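Student: Pasting in a structure now, in structure tokens, and then I'll have a few things to ask.
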Amino acid sequence: MEASAPDFALAHGFPMNMISVVDDKFCVVNPTEMIVKKKYNGLLLKQRYKVKDVNGKLLLQVDGPSLSIHKKRVMRDAQGSPILIMQEKQVKMVSLRHRWRVHRGKSSDDKDVIFGVRRSHPMDMKPRLDVFMPGNTDEDVSNFQVVGSHTQKSCTIYKGDTIIAQVSDVFPSRNFSKWKESYKVKINEGVDYAFVVALLVILTVNDYI
């Protein structure tokens with residue numbers, strides 16, 4: 001579900017327009033800042049993310065090989081239990097647009113699809129990811145948009161014209177054995193941070209941030 005019922009929002013102190021995509025438990029009550037740390041290592045340049053709050057508490061972790069034909073990322077909670085799987089679909093040569101499907105838990109069934117993502121055309125002046133909920137079969141208008149690029153060192157996630165999260169302060173560093181990067185994510189109240197992190201991971205894999 002894209003949004004939780006009003007009675008749940010009221011009972012838990014969330015705004016009425018809360019955005020719950022992955023699960024209600026990932027929605028933040030107040031505007032929140034998190035730190036995402038990304039690291040590449042190993043022969044296959046395995047990409048690993050750790051998401052922490054400002055006090056250093058581990059919230060989420062994501063991993064998957066970078067040098068692989070089938071791009072796949074698994075998001076887990078702090079204890080290592082799978083939350084969702086992000087899988088890139090075959091690129092359509094007609095449009096050259098990368099597509100991703102995100103499934104709940106360890107499932108790959110159509111009934112467990114949480115949302116889909118489509119990258120804008122490579123020739124577009126402003127890089128963008130369009131996000132579609134399962135009920136949006138026509139895909140004429142996206143439910144969410146992710147706008148930004150690595151060169152700009154920032155990106156913004158929108159629901160319509162409303163900003164729900166922003167990335168800023170990218171800090172890259174390099175040495176001979178691995179490549180690291182970290183950035184801050186500002187998440188608005190009532191927004192599902194697992195959903196936000198999933199979009200940022202897909203953005204990263206598509207070389208946007």
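In the structure tokens, chains take letters A, B, ... by order of appearance, with residues numbered from 1 within each chain and ligands from 1 in the order shown.
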Quick one: residues within 12 Å of region 51-61 of chain A, only C-alpha atoms, excluding same-chain residues fewer than 3 positions away - as a ChimeraX atom specification?

Tutor: /A:25-26,28,32-39,47-48,64,73-85,182-187,193-198,200-201

Student: To one decimal place in Å, what is the distance between CA of Thr162 (chain A) and CA of Ile202 (chain A)?

Tutor: 20.8 Å

Student: By how many Å are CA of Lys159 (chain A) and CA of Ser20 (chain A) apart?

Tutor: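 Atom-to-atom, CA of Lys159 (chain A) to CA of Ser20 (chain A), that is 12.3 Å.
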
Student: Residues of region 27-137 of chain A in strand (DSSP E or B) according to DSSP, as a ChimeraX atom specification?

Tutor: /A:27,32-41,46-53,58-64,72-77,82-92,97-104,113-119,128-132

Student: Neighbouring residues of His103 (chain A) were defined as those with any atom within 7 Å, considering only C-alpha atoms; residues of the same chain fewer than 2 positions away were excluded. Please report them as JSON, numbers by chain.

Tutor: {"A": [84, 85, 86, 101, 105, 107, 108, 112, 113, 114]}

Student: Could you dump the residues just selected with C-alpha atoms as a compact mmCIF listing (two decimals), in the first residue's frame?

Tutor:
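So again-v9.txt came out as:
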```txt
# COMPACT_ATOMS: atom_id res chain seq x y z
CA LEU A 84 13.16 -6.83 0.04
CA ILE A 85 14.95 -7.78 -3.17
CA MET A 86 15.76 -5.30 -5.95
CA ARG A 101 11.25 -4.57 -9.85
CA GLY A 105 11.18 -10.42 1.49
CA SER A 107 10.03 -13.56 -2.98
CA SER A 108 10.17 -13.21 -6.75
CA ASP A 112 4.85 -9.71 -3.93
CA VAL A 113 5.98 -6.81 -6.12
CA ILE A 114 6.11 -3.65 -4.01
```

Student: CA of Lys111 (chain A) to CA of Val205 (chain A): how many Å, to one decimal?

Tutor: 24.9 Å
